[in-house]
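Each remark here refers to the structure printed beneath this line.
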Amino acid sequence: MSNVGAAARWIGDKPMREDMPVFPARPQSLPKIKAAPQWLAARFLILAPALLLGACKSELLDPAGDIALQQRDIIYISTALMLLIIVPVMALTVIFAWRYRAKNKDATYDPDFDHSTSLELVIWSAPLLIIICLGALTWWSTHLLDPFRPLNRISASKPIDRKVKPLVVQVVSLDWKWLFIYPEQGIASVNQLALPVDRPVQFELTSTNMMNTFYAPSLAGMIYTMPGMRSTLHAVLNRPGQFKGMSGNYSGAGFSYMNFTLNGVDQAGFDAWIAKAKAANAPLDTNRFIALEEPSERDPVRMFSAVEPRLFDRIYNRCVRPGTPCMSQTMRHGQHGQGGPGSGMPSARNAPPPHGSKPEGAIFKEGEEKGTAPNVTKPRNPEDAPGSTAPQSKKNGSMSFLVPVVPGKPRDAAA
């Protein structure tokens with residue numbers, strides 16, 4: 001015990017034995033570990049999101065369709081308007097906290113301050129103006145980008161040709177896949193949608209079982225598909241490429257894999273794709289659709305060479321299976337009172353949901369679309385009282401009859 005010295009060591013109430021190990025005394029201070037430079041950590045925090053986002057390709061912010069492009073611009077404008085408030089508020093928060101800190105003796109300290117008219121005007125006028133701008137933008141975009149409204153242009157620099165008929169595509173959301181029917185071409189496909197570039201497209205959408213949403217970020221906005229209802233979406237694709245489509249509404253176990261491919265091709269490529277589908281030699285009839293309707297996940301792309309007539313109408317009327325009455329027939333049956341109480345819909349709702357183009361106001365029409373018409377206002381009868389147009393006319397006396405009131409007597413007695 002040379003390191004201990006002559007003094008006796010005690011542990012608890014017992015003396016330390018000679019054979020016990022001896023540890024060196026604890027140093028007064030531990031060596032300091034050199035920390036990483038603060039600028040290195042700050043730089044990593046700044047660059048990390050940029051590195052993560054650099055590997056992403058956002059079809060939402062780089063769309064291929066004119067409708068999606070206008071919707072993206074609305075996102076940019078709305079964000080910029082909101083940042084006009086958010087950025088100054090965040091900056092002023094830091095500035096005020098620094099300027100009016102306890103150690104700053106040069107800052108004005110006014111504990112009796114309670115009101116400033118100029119400050120109130122600034123605080124309330126700026127948000128009010130931004131809300132007015134956002135409201136006007138929302139009203140304008142809601143009408144201009146209404147999915148039921150037919151397109152009025154192909155792109156910002158290319159007007160629409162009214163002689164070109166829109167391509168009709170009927171969309172059916174199933175569990176958990178997408179069915180696209182081309183009624184004019186007489187073919188159908190599963191989980192693959194092909195569109196010719198710069199041609200207007202009219203989508204008619206419905207669902208077989210669950211409410212869902214049809215969403216192709218590069219083409220247009222999200223629109224719901226619901227059983228027993230038919231919705232409409234007008235859109236156009238402006239550049240070729242392969243894009244993603246998906247379901248935007250949770251609909252069960254296979255929702256995560258309910259995706260489809262959107263192919264933008266030129267007219268020659270579209271014709272070749274139609275010819276490839278016709279060569280599949282697999283028509284989509286009632287029996288094949290009933291089998292297709294069964295829930296399944298991760299379905300591969302399939303092509304159908306032909307489609308049974310009026311299959312889409314039977315899908316949204318919910319009468320694909322033989323012997324099932326169609327929804328429209330049930331409504332007409334209830335209207336004429338042939339089925340007894342509760343057998344059908346009331347006469348005010350005796351038809352399937354309306355579809356197609358919605359009537360639009362003249363403010364959204366082009367000059368040649370408004371047209372002209374003769375004035376059909378009924379001319380004024382010269383024998384009638386002229387009213388305010390000729391206040392001094394004696395004929396105005398027949399317009400009203402005033403009964404004098406005698407004080408203390410009822411009005412009837414005075415008459």
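Every chain in the structure tokens takes a letter, A first, then B, and so on in the order presented; its residues are numbered from 1, and the ligands are numbered from 1 following the presented order.
Residues with any atom within 10 Å of Arg153 (chain A), counting only C-alpha atoms and excluding same-chain neighbours fewer than 6 positions away, are Asp66, Ile67, Pro159, Ile160, Asp161, Arg162, Asp198, Pro200 and Val236 of chain A.
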Output file for the selection above: C-alpha atoms, as a PDB file, in the first residue's frame:
```
ATOM      1  CA  ASP A  66     -53.108  23.175 -68.661  1.00  0.00           C
ATOM      2  CA  ILE A  67     -55.705  22.670 -65.905  1.00  0.00           C
ATOM      3  CA  PRO A 159     -56.798  28.434 -78.280  1.00  0.00           C
ATOM      4  CA  ILE A 160     -59.161  25.500 -78.510  1.00  0.00           C
ATOM      5  CA  ASP A 161     -60.492  24.336 -81.861  1.00  0.00           C
ATOM      6  CA  ARG A 162     -64.259  24.059 -81.525  1.00  0.00           C
ATOM      7  CA  ASP A 198     -53.259  18.658 -77.045  1.00  0.00           C
ATOM      8  CA  PRO A 200     -59.480  17.907 -74.990  1.00  0.00           C
ATOM      9  CA  VAL A 236     -56.027  18.273 -71.538  1.00  0.00           C
TER      10      VAL A 236
END
```
Next on the checklist: List as a list in words the protein and nucleic acid residues near region 253-261 of chain A, meaning an atom at most 8 Å away when only C-alpha atoms are counted, but skip any in the same chain fewer than 2 places from it.
Outcome noted: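 Contacts, with the query itself left out: Asp175, Trp176, Lys177, Trp178, Asn191, Gln192, Leu193, Gln242, Phe243, Lys244, Gly245, Met246, Ser247, Asn249, Tyr250, Ser251, Asn263, Ser296, Glu297 and Arg298 of chain A.
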Quick one: write out the picked residues with C-alpha atoms as an mmCIF file, in the first residue's frame?
```cif
data_model
loop_
_atom_site.group_PDB
_atom_site.id
_atom_site.type_symbol
_atom_site.label_atom_id
_atom_site.label_comp_id
_atom_site.auth_asym_id
_atom_site.auth_seq_id
_atom_site.Cartn_x
_atom_site.Cartn_y
_atom_site.Cartn_z
ATOM 1 C CA ASP A 175 -61.498 -2.509 -55.440
ATOM 2 C CA TRP A 176 -58.554 -1.813 -55.881
ATOM 3 C CA LYS A 177 -57.896 -0.922 -59.503
ATOM 4 C CA TRP A 178 -58.972 1.467 -62.244
ATOM 5 C CA ASN A 191 -54.578 0.557 -64.657
ATOM 6 C CA GLN A 192 -53.367 2.238 -67.836
ATOM 7 C CA LEU A 193 -54.663 5.480 -69.344
ATOM 8 C CA GLN A 242 -45.342 8.828 -68.636
ATOM 9 C CA PHE A 243 -47.005 10.110 -65.492
ATOM 10 C CA LYS A 244 -48.510 8.719 -62.318
ATOM 11 C CA GLY A 245 -52.143 8.471 -61.274
ATOM 12 C CA MET A 246 -53.551 7.330 -57.990
ATOM 13 C CA SER A 247 -56.455 7.082 -55.631
ATOM 14 C CA ASN A 249 -59.236 8.543 -50.837
ATOM 15 C CA TYR A 250 -58.744 5.631 -48.448
ATOM 16 C CA SER A 251 -60.928 2.734 -49.594
ATOM 17 C CA ASN A 263 -49.231 7.887 -70.963
ATOM 18 C CA SER A 296 -57.816 -7.624 -55.785
ATOM 19 C CA GLU A 297 -54.492 -5.855 -55.224
ATOM 20 C CA ARG A 298 -51.538 -4.967 -57.462
#
```
Checklist entry - If you run DSSP on the backbone, which residues of region 55-230 of chain A are helix (DSSP H, G or I), as a PyMOL selection string? => result chain A and resi 66-99+117-144
Export C-alpha atoms of the chosen residues as a compact mmCIF listing (two decimals), in the first residue's frame?
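Full text of again-v1.txt as output:
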```txt
# COMPACT_ATOMS: atom_id res chain seq x y z
CA ASP A 66 -53.11 23.17 -68.66
CA ILE A 67 -55.71 22.67 -65.90
CA ALA A 68 -53.08 21.35 -63.48
CA LEU A 69 -50.79 24.23 -64.48
CA GLN A 70 -53.44 26.81 -63.58
CA GLN A 71 -54.08 25.04 -60.27
CA ARG A 72 -50.36 25.10 -59.52
CA ASP A 73 -50.29 28.85 -60.17
CA ILE A 74 -53.10 29.27 -57.66
CA ILE A 75 -50.97 27.47 -55.07
CA TYR A 76 -48.05 29.80 -55.79
CA ILE A 77 -50.20 32.95 -55.63
CA SER A 78 -51.94 31.86 -52.41
CA THR A 79 -48.63 31.00 -50.77
CA ALA A 80 -47.11 34.33 -51.79
CA LEU A 81 -50.08 36.26 -50.41
CA MET A 82 -49.90 34.45 -47.08
CA LEU A 83 -46.15 34.96 -46.86
CA LEU A 84 -46.75 38.72 -47.05
CA ILE A 85 -48.06 38.39 -43.50
CA ILE A 86 -46.06 35.45 -42.19
CA VAL A 87 -42.57 36.70 -43.09
CA PRO A 88 -42.96 40.23 -41.60
CA VAL A 89 -44.52 38.82 -38.43
CA MET A 90 -41.67 36.35 -37.93
CA ALA A 91 -39.07 39.03 -38.63
CA LEU A 92 -40.71 41.57 -36.33
CA THR A 93 -40.92 38.96 -33.57
CA VAL A 94 -37.14 38.61 -33.60
CA ILE A 95 -36.55 42.36 -33.97
CA PHE A 96 -38.85 43.31 -31.09
CA ALA A 97 -37.42 40.62 -28.82
CA TRP A 98 -33.90 41.92 -29.48
CA ARG A 99 -34.64 45.64 -29.36
CA THR A 117 -54.72 54.38 -34.35
CA SER A 118 -52.01 54.20 -37.01
CA LEU A 119 -50.77 50.89 -35.62
CA GLU A 120 -54.30 49.46 -35.57
CA LEU A 121 -54.81 50.48 -39.20
CA VAL A 122 -51.63 48.69 -40.27
CA ILE A 123 -52.38 45.60 -38.21
CA TRP A 124 -55.91 45.13 -39.55
CA SER A 125 -55.76 46.56 -43.08
CA ALA A 126 -52.98 44.29 -44.36
CA PRO A 127 -54.71 40.99 -43.42
CA LEU A 128 -58.03 42.36 -44.66
CA LEU A 129 -56.59 43.18 -48.08
CA ILE A 130 -54.98 39.75 -48.33
CA ILE A 131 -58.26 38.04 -47.40
CA ILE A 132 -60.05 40.07 -50.09
CA CYS A 133 -57.44 38.99 -52.66
CA LEU A 134 -57.69 35.34 -51.61
CA GLY A 135 -61.48 35.50 -51.76
CA ALA A 136 -61.44 36.98 -55.26
CA LEU A 137 -58.89 34.38 -56.39
CA THR A 138 -61.01 31.57 -54.93
CA TRP A 139 -64.20 32.81 -56.60
CA TRP A 140 -62.47 33.24 -59.96
CA SER A 141 -60.73 29.86 -59.91
CA THR A 142 -63.80 28.00 -58.63
CA HIS A 143 -65.78 29.05 -61.70
CA LEU A 144 -62.99 29.03 -64.27
```
Next on the checklist: Between A:Leu262, A:Ala235, A:Ile187, A:Met229, which residue has the minimum interatomic distance to Pro309 (chain A), considering only C-alpha atoms?
Outcome noted: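 Using only C-alpha atoms, Pro309 (chain A) sits closest to A:Ile187.
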Would you write out, as CSV, a table of all residues in region 56-108 of chain A that have an atom no more than 7 Å from an atom of region 218-228 of chain A, listing for each the closest atom pair and the distance in Å to one decimal, considering only C-alpha atoms and ordering rows by chain and rising residue number?
```
residue,atom,partner,partner_atom,distance
A:Glu59,CA,A:Ser218,CA,5.3
A:Leu60,CA,A:Ser218,CA,6.0
A:Pro63,CA,A:Ser218,CA,4.1
A:Ala64,CA,A:Ser218,CA,5.1
A:Gly65,CA,A:Leu219,CA,4.6
A:Ile67,CA,A:Ala220,CA,5.3
A:Ala68,CA,A:Ala220,CA,4.4
```
Checklist entry - Could you pull out the strand (DSSP E) residues of region 58-248 of chain A from DSSP and send them as a ChimeraX atom specification? => result /A:153-155,158-159,167-174,177-182,187-190,192-196,201-207,212-215,223-225,231-235,241-247
Write the residues of the selection above to a file with C-alpha atoms, as a compact mmCIF listing (two decimals), in the first residue's frame.
```txt
# COMPACT_ATOMS: atom_id res chain seq x y z
CA ARG A 153 -58.21 26.74 -74.39
CA ILE A 154 -55.57 24.06 -74.95
CA SER A 155 -52.84 26.12 -73.30
CA LYS A 158 -53.03 27.87 -77.98
CA PRO A 159 -56.80 28.43 -78.28
CA LEU A 167 -62.09 12.38 -76.40
CA VAL A 168 -64.53 10.62 -74.06
CA VAL A 169 -63.04 8.34 -71.41
CA GLN A 170 -65.27 6.54 -68.91
CA VAL A 171 -63.53 5.89 -65.59
CA VAL A 172 -64.64 3.26 -63.07
CA SER A 173 -62.97 2.87 -59.68
CA LEU A 174 -63.05 -0.72 -58.42
CA LYS A 177 -57.90 -0.92 -59.50
CA TRP A 178 -58.97 1.47 -62.24
CA LEU A 179 -60.98 0.62 -65.35
CA PHE A 180 -60.82 2.98 -68.35
CA ILE A 181 -63.42 2.56 -71.10
CA TYR A 182 -63.06 4.29 -74.47
CA ILE A 187 -61.75 -0.75 -76.08
CA ALA A 188 -60.93 -0.73 -72.37
CA SER A 189 -57.88 -1.02 -70.14
CA VAL A 190 -57.07 -1.67 -66.49
CA GLN A 192 -53.37 2.24 -67.84
CA LEU A 193 -54.66 5.48 -69.34
CA ALA A 194 -53.44 6.77 -72.71
CA LEU A 195 -54.26 10.28 -73.93
CA PRO A 196 -53.29 12.11 -77.12
CA VAL A 201 -60.63 14.99 -72.87
CA GLN A 202 -64.00 14.53 -71.19
CA PHE A 203 -63.92 12.06 -68.31
CA GLU A 204 -67.12 10.45 -67.01
CA LEU A 205 -66.49 8.89 -63.63
CA THR A 206 -68.30 6.51 -61.31
CA SER A 207 -67.54 3.77 -58.79
CA ASN A 212 -62.91 7.11 -54.21
CA THR A 213 -60.98 9.93 -55.85
CA PHE A 214 -59.46 9.99 -59.32
CA TYR A 215 -56.22 11.95 -59.17
CA ILE A 223 -62.37 14.50 -58.34
CA TYR A 224 -64.56 12.05 -56.46
CA THR A 225 -66.08 8.86 -57.82
CA SER A 231 -69.24 12.93 -62.31
CA THR A 232 -67.46 14.82 -65.09
CA LEU A 233 -63.96 16.20 -65.55
CA HIS A 234 -62.60 18.16 -68.51
CA ALA A 235 -58.83 18.27 -68.97
CA GLY A 241 -44.49 11.42 -71.23
CA GLN A 242 -45.34 8.83 -68.64
CA PHE A 243 -47.01 10.11 -65.49
CA LYS A 244 -48.51 8.72 -62.32
CA GLY A 245 -52.14 8.47 -61.27
CA MET A 246 -53.55 7.33 -57.99
CA SER A 247 -56.45 7.08 -55.63
```
Item to check | Length of the CA of Pro300 (chain A) to CA of Ala282 (chain A) vector [Å] | outcome: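 A separation of 15.1 Å between them.
Picture a line from CA of Asn209 (chain A) to CA of Ala277 (chain A); it runs 26.5 Å.
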Checklist entry - So how far away is CA of Gln329 (chain A) from CA of Pro283 (chain A), in Å? => result 27.0 Å
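The shortest atom-to-atom distance to Pro150 (chain A), with only C-alpha atoms taken into account, belongs to A:Pro166 out of A:Pro166, A:Pro217, A:Gly269, A:Pro382.
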